[in-house]
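**Q** Here's a structure for you.
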Number of protein chains: 4
Amino acid sequence: MKKVLLFSLLVVLQAIAFGQKPRARDIGVPFDGVPGKHNAVTDVPGVEVGYSTLIAGEGPLIEGKGPVRTGVTVILPKGKTGTPYAAAWYSLNGDGELTGIPYIEDYGFGYNAIGITNTNSVGVVRDAIGQWSHSKFSQGEAVDYSFGLPIAGETWDGGLNDINGYHVKKEHVWEALESAHGGKIQEGNVGGGTGMALYDFKGGSGTASRVFEIDSVQYTLGVFIQANFGSREELTIAGVPVGKEIQDLAYIFDETRRKDGSAIVVVITDAPLLPNQLKQVAKRITHGIARTGTYSHDGSGEIFLAISTAAPKYNTAGTREAWEVIPKWHLNPIYKATVEATEEAIINVLLAADDMVGINGNAWFALPAGRLIPVLKKYNRLKE
Amino acid sequence: MKKVLLFSLLVVLQAIAFGQKPRARDIGVPFDGVPGKHNAVTDVPGVEVGYSTLIAGEGPLIEGKGPVRTGVTVILPKGKTGTPYAAAWYSLNGDGELTGIPYIEDYGFGYNAIGITNTNSVGVVRDAIGQWSHSKFSQGEAVDYSFGLPIAGETWDGGLNDINGYHVKKEHVWEALESAHGGKIQEGNVGGGTGMALYDFKGGSGTASRVFEIDSVQYTLGVFIQANFGSREELTIAGVPVGKEIQDLAYIFDETRRKDGSAIVVVITDAPLLPNQLKQVAKRITHGIARTGTYSHDGSGEIFLAISTAAPKYNTAGTREAWEVIPKWHLNPIYKATVEATEEAIINVLLAADDMVGINGNAWFALPAGRLIPVLKKYNRLKE
Amino acid sequence: MKKVLLFSLLVVLQAIAFGQKPRARDIGVPFDGVPGKHNAVTDVPGVEVGYSTLIAGEGPLIEGKGPVRTGVTVILPKGKTGTPYAAAWYSLNGDGELTGIPYIEDYGFGYNAIGITNTNSVGVVRDAIGQWSHSKFSQGEAVDYSFGLPIAGETWDGGLNDINGYHVKKEHVWEALESAHGGKIQEGNVGGGTGMALYDFKGGSGTASRVFEIDSVQYTLGVFIQANFGSREELTIAGVPVGKEIQDLAYIFDETRRKDGSAIVVVITDAPLLPNQLKQVAKRITHGIARTGTYSHDGSGEIFLAISTAAPKYNTAGTREAWEVIPKWHLNPIYKATVEATEEAIINVLLAADDMVGINGNAWFALPAGRLIPVLKKYNRLKE
Amino acid sequence: MKKVLLFSLLVVLQAIAFGQKPRARDIGVPFDGVPGKHNAVTDVPGVEVGYSTLIAGEGPLIEGKGPVRTGVTVILPKGKTGTPYAAAWYSLNGDGELTGIPYIEDYGFGYNAIGITNTNSVGVVRDAIGQWSHSKFSQGEAVDYSFGLPIAGETWDGGLNDINGYHVKKEHVWEALESAHGGKIQEGNVGGGTGMALYDFKGGSGTASRVFEIDSVQYTLGVFIQANFGSREELTIAGVPVGKEIQDLAYIFDETRRKDGSAIVVVITDAPLLPNQLKQVAKRITHGIARTGTYSHDGSGEIFLAISTAAPKYNTAGTREAWEVIPKWHLNPIYKATVEATEEAIINVLLAADDMVGINGNAWFALPAGRLIPVLKKYNRLKE
């Protein structure tokens, strides 16, 4: 057992030495299920993620000047091809925003990129995605980018960021879109997640994935989260009451009322599913969040998207739409993967984030792996 | 023009002479679209409808004794085969009941018969459908009748019927199920619609259908309604304010507060549609109801089902579910047919129903075709 | 009767002579119910409406240059005070956009202005409303304008407008906000409705209201619509098949596929209602639309808001929220007013709009009152 | 530490000796929050619970004969007074049934008792509740028992019970209703929960409660669950992977396909809340379920009700409905209590249930407290 602890600390130190923080499972947090190659939403074939991170200034807040601690994240479920994907949404807690809801609810499709940013910048991100898509289509680089109802969500970063300064501009959105890629992606203080808090530690962007078989066919499911919720005493990792064990590293904040945060969670799978099946998947994101301890506070806006990249096929005339999906009685591996990858993505955020000081000297501190490991050990939950 | 009027009256008299009342379009009510062979929900291949009508006693209400003016209607979208159908529901006005909602909402399927009865008998009808289905399955007469979440709805007939006498029994439900058939079906004071009122005329059961082409393929859509709503002054037929023109023939009722009624509407089509597309179809039933004049009162429970009999196909192992549906951009003929057939089914109820006296001498009077025709003529809306 | 016709035409000519087109009821279109002073949403105490109308250029479309035929409308249910209002939404047809949905759905409140614009400009309008609200709050001019989830909706004006030119800017939104007022408001080709089409006539902005009593208390309910839907043959006015009678005045359009339009409808009342009651009100907007003939096409996005300005009261500590509302069994006058005012607002759009030529010489023609009057007369539906 | 373990075992032995099994917190399972007097839904003033338990026969299944392992549970949120309560519902997983949904969804009220039984008996329970309510009202024993849309839910007990024998009758429902009481209530193999399974241990009925303050006012929230879900390897208690640690005590079952179960959860509080607030409460039940480990399988029907007994007040004329509720920004203690009490009620089921043998010798075994205690200890989660 002692060996396990030493090994875990070694992983932490090595990773830091190489300018790269360890992820949750690297230090021995036990998770069920098998992750994909990068343990990221980009393990789902074709998925691309892009960030634009805005960090500038320090000191007192001057609206319109800064300090700036914000950004925008884009997720392209089918890359830059502009082809549609099956989609469903679910609001666990409607104290947030997601554009594109009526279309997703009634027709079960999404198109183009999904943007995630701060609360006040949803509009500019929404319009900019539409404009970029139209530009791609005009240039003949995409099948159909002309659809006018883009999807953009948010969480609130006004604790660290000059949110009323409206620093996210169209060019930042386009930058995130143009730079989007598959493979390994960053986590923590990047993109829309730059200025976020999570269980009163520093929060931000996180991801995880699962691979699984249904009837001998292998599928991948990935989760991306912009995480900005929870209070310290709730934090639970692998069933262990970590938040009660680590009560220091408290945020520094200049206001009496700490505003509760939010989460945008996007689940993407290449398993072929109907929109109403994806709605059931989206509801399971709650289980993953619940495993990390929160009861989902008032004031927090937890809004979820579930996407299948295996969209229907059309005949040449466009008169028939063919779906070949997994029947409901075989969906359990998908539900299981959703819960597990959501849980892991949240813990990944905590370990990837770095301390950050923002407006008026407000600060959130990251959860140090070196502090987490002995707590897991105390409860016999550190994995060899 | 005078010729038109004479002809219409002739149709009425002939029909009555042959023990059969004319339907709305027979007397010249103008409707858009082309009806199927029987202008009934049973024009959709495979659909069967069965009734059990309970009429007994007269005079003062003695709870448990009568008078009885009630019944049960069953609609079998795929006959007695027990195979599932795609389904969606919509509540325009939730002051009513429909069992089976959670399954339809989350999974988009229905199984077996749909029952419609009076408010207090929903439970017995629900259980009896399940029991009959299981019996069919046990006898090897059906593919899969063992599903345990039957669909049953209701409207309130306590104005004419001893509704607290619970006169509908399991055997009546089975009788309706066993006697269900395709082809021509009865309308008016039959089945679950026996004791209903509509725009302060006698209401009950009604049906209509439309045939239409989408991309050179012909489809049929049928509507069945158990209609029990509206106040006289609202009644509009073909845009004509009929309720304002015919103010006599008022109901006779022993209570000061006339209870507002309800409607269960079932739309069935053989056009292949996904559950979320069927939800959009279900919403259009409101348009059809609105064309007949009501604003849908409080106290009325308007609950709708939309069904596609062209359910998905499964591979032998049951590991793949294949849908081949009509894309959203080709759905307009289906929406149009839904609105038109709903409107016509309602007017068909009015013309098919007969005067009825129930508990305590309460009475509703039918709308006489001979009264409707001159009103339509006055507004230049009688069709040649 | 002949006298009626002459009078109606006189009203039309007089109104035109004085630079003001007659409204639907002025020329004798029969509507039920009693309108408020201005027959406008602004009859509800405290409601303000503002427009910014952008019309520039003519000739071929050059993206980013024009021609421009668009704008933005803002509706402030409680004026510029920034106090919240009870709200509910409903999507008849989700092929559109409305921001702010998760909060309205889960918590039943709206804050600040509601913006309506073209499809591509929803984002800029959404962010600009938030920024303006924050600015008002910062200046101490409003109780609480700092809420970050503004409501903005859209309909598509790409038939006449250079919609991919993104001509609506923050300053236009602020201009509409600053100029918002109560009392009499414009209709037709103004604000967000500038470039819209309705039943293949010129569409745009319209309004109507009703006053009614519930238990001896008088209330007002107003409707505002940005109307951009329907095909000619469907158009029904007062039950009369006007679209079939007036088949000329066809739009001029350079593309084979005419895109189906949409509608944003906002109902506001001073009657005190809970959010879930307002949801029932919102559903009745469908009845009003249905009365004008459409079955609500695919591709059209009909999205509705229902608002009560009689929001709850809070104790000083903010620990108690007190509602005093109308019980459900007294809601019928509100439902009735909603249906009637929606219907009238739509017809008001048709009569207020002017012919408009836009990109590439595309044109829609207004419905001339002089053409409508004889058609109503033919069907005996012209009101004295 | 050793002392803790000994004490816990002592509690177990004592309780068994006195014919009463210990509850989860008695043996040292750690839970957050403070329970009410009986740690039961009946801690909420006025709430009554009644059971009718049907256990008869053994050996092979003969449909209609038995063996019988079923029953019915009734929950009366406001006792036998027949007064309405505010209510909302939520379906985590729609593979189940709950009657009364349209009314609750649209109007936010429930009336009378809530019944919970086996899947096939929902109808008889639903009708019987209505009939009993009407009888109470007729006898002048209740304010208003005449409402015709009763609430009844179910979970599937066909693994142990002759479910197609339809053994639950009207008299059993009335028996449960008449015997309903407040105070201490039974858990485990009673009422509707008689034949249920939970995480592949024996399941059934369970309850828990929390007391908490909001702005110096004390409220109580109670949860009742009929629990019939989950697979062994998922079972998590206080964050500990109990299901992985206790792999024996496997059920004995004669079919290859074990049918996934369901849960009906009812949360009741005396805290005054609006229906839309109760919807947010209902969603949090998922968190409580998730804490016990399951990802909520397909085939399981998890359907929830959230109720506030502090319903609105009406003026004498019935023209005004007054609510005085807790504002949304003070709801966190209610959300927290919901999650905690749901979690505890589930673990209470496991510890209260007894081994049961049913049809064809099928058997589920209870989770012995003596087995649970050392597992909690192994993970340092046994509470002193």
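The chains in the structure tokens are called A, B, ... from first to last as shown; in each chain the residues are counted from 1, and the ligands are counted from 1 in the order shown.
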Got a sec to pull out which chain C residues are within 6 Å of chain D, counting only C-alpha atoms, and send them as a list in words?
**A** Arg320, Glu321, Ala322, Trp323, Glu324, Val325, Ile326 and Pro327 of chain C
**Q** If we count only C-alpha atoms, what is near region 117-122 of chain C at a cut-off of 8 Å, once residues fewer than 5 positions away on the same chain are taken out, given as a list in words?
**A**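 Here the qualifying residues turn out to be Gly123, Asp127, Gly130, Gly148 and Leu149 of chain A; Thr70, Gly71, Val72, Thr73, Gly96, Glu97, Ala152, Gly153, Glu154, Thr155, Trp156, Asp157, Ile163, Asn164, Tyr166, Val168, Gly191, Gly192 and Gly193 of chain C.
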**Q** So that I can check the secondary structure, give me every residue of region 92-169 of chain C assigned strand (DSSP E) by backbone DSSP, as JSON, numbers by chain.
**A** {"C": [109, 110, 114, 115, 116, 117, 118, 151, 152, 153, 154, 155]}
**Q** Write the residues of the preceding selection, restricted to N, CA and C atoms, as a PDB file, in the first residue's frame.
**A**
ATOM      1  N   PHE C 109     -39.473  33.123 -14.785  1.00  0.00           N
ATOM      2  CA  PHE C 109     -39.307  34.578 -14.779  1.00  0.00           C
ATOM      3  C   PHE C 109     -38.579  35.047 -16.032  1.00  0.00           C
ATOM      4  N   GLY C 110     -38.890  36.266 -16.410  1.00  0.00           N
ATOM      5  CA  GLY C 110     -38.088  36.982 -17.385  1.00  0.00           C
ATOM      6  C   GLY C 110     -37.635  38.281 -16.759  1.00  0.00           C
ATOM      7  N   ILE C 114     -37.317  42.123 -24.189  1.00  0.00           N
ATOM      8  CA  ILE C 114     -37.342  40.999 -25.124  1.00  0.00           C
ATOM      9  C   ILE C 114     -37.010  41.566 -26.495  1.00  0.00           C
ATOM     10  N   GLY C 115     -36.014  41.008 -27.152  1.00  0.00           N
ATOM     11  CA  GLY C 115     -35.637  41.479 -28.484  1.00  0.00           C
ATOM     12  C   GLY C 115     -36.150  40.540 -29.562  1.00  0.00           C
ATOM     13  N   ILE C 116     -36.551  41.115 -30.689  1.00  0.00           N
ATOM     14  CA  ILE C 116     -36.930  40.298 -31.852  1.00  0.00           C
ATOM     15  C   ILE C 116     -36.252  40.893 -33.078  1.00  0.00           C
ATOM     16  N   THR C 117     -35.601  40.037 -33.852  1.00  0.00           N
ATOM     17  CA  THR C 117     -34.814  40.527 -34.977  1.00  0.00           C
ATOM     18  C   THR C 117     -34.782  39.471 -36.076  1.00  0.00           C
ATOM     19  N   ASN C 118     -33.810  39.574 -36.999  1.00  0.00           N
ATOM     20  CA  ASN C 118     -33.664  38.523 -38.011  1.00  0.00           C
ATOM     21  C   ASN C 118     -32.850  37.355 -37.445  1.00  0.00           C
ATOM     22  N   ILE C 151     -33.530  37.669 -23.302  1.00  0.00           N
ATOM     23  CA  ILE C 151     -34.432  36.951 -24.205  1.00  0.00           C
ATOM     24  C   ILE C 151     -34.409  37.615 -25.583  1.00  0.00           C
ATOM     25  N   ALA C 152     -34.062  36.840 -26.604  1.00  0.00           N
ATOM     26  CA  ALA C 152     -34.081  37.373 -27.966  1.00  0.00           C
ATOM     27  C   ALA C 152     -34.559  36.295 -28.929  1.00  0.00           C
ATOM     28  N   GLY C 153     -35.459  36.678 -29.822  1.00  0.00           N
ATOM     29  CA  GLY C 153     -36.002  35.753 -30.811  1.00  0.00           C
ATOM     30  C   GLY C 153     -35.854  36.297 -32.220  1.00  0.00           C
ATOM     31  N   GLU C 154     -36.336  35.540 -33.182  1.00  0.00           N
ATOM     32  CA  GLU C 154     -36.072  35.918 -34.567  1.00  0.00           C
ATOM     33  C   GLU C 154     -37.078  35.324 -35.531  1.00  0.00           C
ATOM     34  N   THR C 155     -37.174  35.948 -36.683  1.00  0.00           N
ATOM     35  CA  THR C 155     -37.736  35.286 -37.863  1.00  0.00           C
ATOM     36  C   THR C 155     -36.815  35.637 -39.043  1.00  0.00           C
TER      37      THR C 155
END
**Q** For Glu344 (chain C), list every protein, DNA or RNA residue within 8 Å, evaluated using only C-alpha atoms, and leave out those in the same chain fewer than 4 positions away; present the list as a PyMOL selection string.
**A** chain C and resi 24+31+207-208+340+348
**Q** Please give the complete set of residues from region 221-303 of chain D that DSSP, run on the backbone, assigns to helix (DSSP H, G or I), formatted as a list in words.
**A**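 Written out, the helix (DSSP H, G or I) residues of region 221-303 of chain D are Arg232, Glu233, Glu234, Val242, Gly243, Lys244, Glu245, Pro275, Asn276, Gln277, Leu278, Lys279, Gln280, Val281, Ala282, Lys283, Arg284, Ile285, Thr286, His287, Gly288, Ile289, Ala290 and Arg291 of chain D.
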**Q** Would you output that residue set with C-alpha atoms, as a compact mmCIF listing (two decimals), in the first residue's frame?
**A**
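That gives us part.txt:
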# COMPACT_ATOMS: atom_id res chain seq x y z
CA ARG D 232 -25.18 -5.84 -7.71
CA GLU D 233 -21.84 -4.57 -8.97
CA GLU D 234 -23.16 -1.00 -8.93
CA VAL D 242 -20.36 -2.57 -1.46
CA GLY D 243 -21.71 -4.45 -4.46
CA LYS D 244 -18.22 -5.37 -5.59
CA GLU D 245 -17.30 -6.48 -2.11
CA PRO D 275 -45.21 23.65 -8.77
CA ASN D 276 -42.31 24.77 -10.97
CA GLN D 277 -40.04 24.83 -7.92
CA LEU D 278 -41.19 21.32 -7.05
CA LYS D 279 -40.15 20.21 -10.54
CA GLN D 280 -36.61 21.29 -9.67
CA VAL D 281 -36.88 19.32 -6.41
CA ALA D 282 -38.06 16.24 -8.31
CA LYS D 283 -35.01 16.37 -10.60
CA ARG D 284 -32.72 16.16 -7.54
CA ILE D 285 -34.07 12.72 -6.68
CA THR D 286 -31.73 11.51 -9.41
CA HIS D 287 -28.74 12.66 -7.35
CA GLY D 288 -29.92 10.58 -4.40
CA ILE D 289 -30.34 7.51 -6.57
CA ALA D 290 -26.98 8.10 -8.24
CA ARG D 291 -25.25 8.15 -4.85
**Q** Just give me the gap between CA of Gly159 (chain D) and CA of Gly299 (chain D) in Å, one decimal is fine.
**A**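 Value for the CA of Gly159 (chain D)-CA of Gly299 (chain D) distance: 14.2 Å.
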**Q** Applying 9 Å and only C-alpha atoms, which residues near Lys78 (chain A) remain after dropping the ones on its own chain fewer than 2 positions away? List them as a ChimeraX atom specification.
**A** /A:45-48,75-76,80-85,111-113,309
**Q** Taking 5 positions as the minimum chain separation for residues in the same chain, which residues sit within 9 Å of Asn39 (chain A) when counting only C-alpha atoms? Answer as a list in words.
**A**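 Once the adjacent positions are removed, what remains is Val34, Lys184, Thr207, Ala208, Ser209, Arg210, Gly222, Ala341 and Ala345 of chain A.
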**Q** Write to file, as a JSON list (two decimals), in the first residue's frame, the residues of the selection just made, with N, CA and C atoms.
**A**
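The result, stored in selection_17.json:
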[["chain", "number", "residue", "atom", "x", "y", "z"],
["A", 34, "VAL", "N", -13.41, 1.58, -19.51],
["A", 34, "VAL", "CA", -12.16, 1.66, -20.28],
["A", 34, "VAL", "C", -12.15, 2.94, -21.11],
["A", 184, "LYS", "N", -5.17, 14.75, -28.81],
["A", 184, "LYS", "CA", -5.02, 15.20, -27.44],
["A", 184, "LYS", "C", -5.46, 16.66, -27.30],
["A", 207, "THR", "N", -12.25, 16.71, -19.80],
["A", 207, "THR", "CA", -12.77, 15.72, -20.75],
["A", 207, "THR", "C", -12.39, 14.31, -20.31],
["A", 208, "ALA", "N", -13.12, 13.34, -20.84],
["A", 208, "ALA", "CA", -12.82, 11.93, -20.60],
["A", 208, "ALA", "C", -13.59, 11.13, -21.65],
["A", 209, "SER", "N", -13.25, 9.86, -21.78],
["A", 209, "SER", "CA", -13.98, 9.03, -22.75],
["A", 209, "SER", "C", -14.06, 7.59, -22.29],
["A", 210, "ARG", "N", -14.92, 6.84, -22.94],
["A", 210, "ARG", "CA", -15.04, 5.41, -22.71],
["A", 210, "ARG", "C", -15.19, 4.69, -24.05],
["A", 222, "GLY", "N", -17.49, 10.21, -25.62],
["A", 222, "GLY", "CA", -16.64, 11.18, -24.94],
["A", 222, "GLY", "C", -17.47, 12.27, -24.29],
["A", 341, "ALA", "N", -17.76, 8.69, -17.71],
["A", 341, "ALA", "CA", -16.92, 9.70, -18.36],
["A", 341, "ALA", "C", -17.23, 11.10, -17.83],
["A", 345, "ALA", "N", -14.37, 13.32, -16.18],
["A", 345, "ALA", "CA", -14.06, 14.62, -16.77],
["A", 345, "ALA", "C", -14.04, 15.71, -15.70]]
**Q** Mind checking which residues fall within 8 Å of Ala250 (chain C), counting only C-alpha atoms, ignoring those fewer than 2 positions away in the same chain, and posting them as a list in words?
**A** Asp200, Phe201, Gln247, Asp248, Ile252, Trp364 and Phe365 of chain C
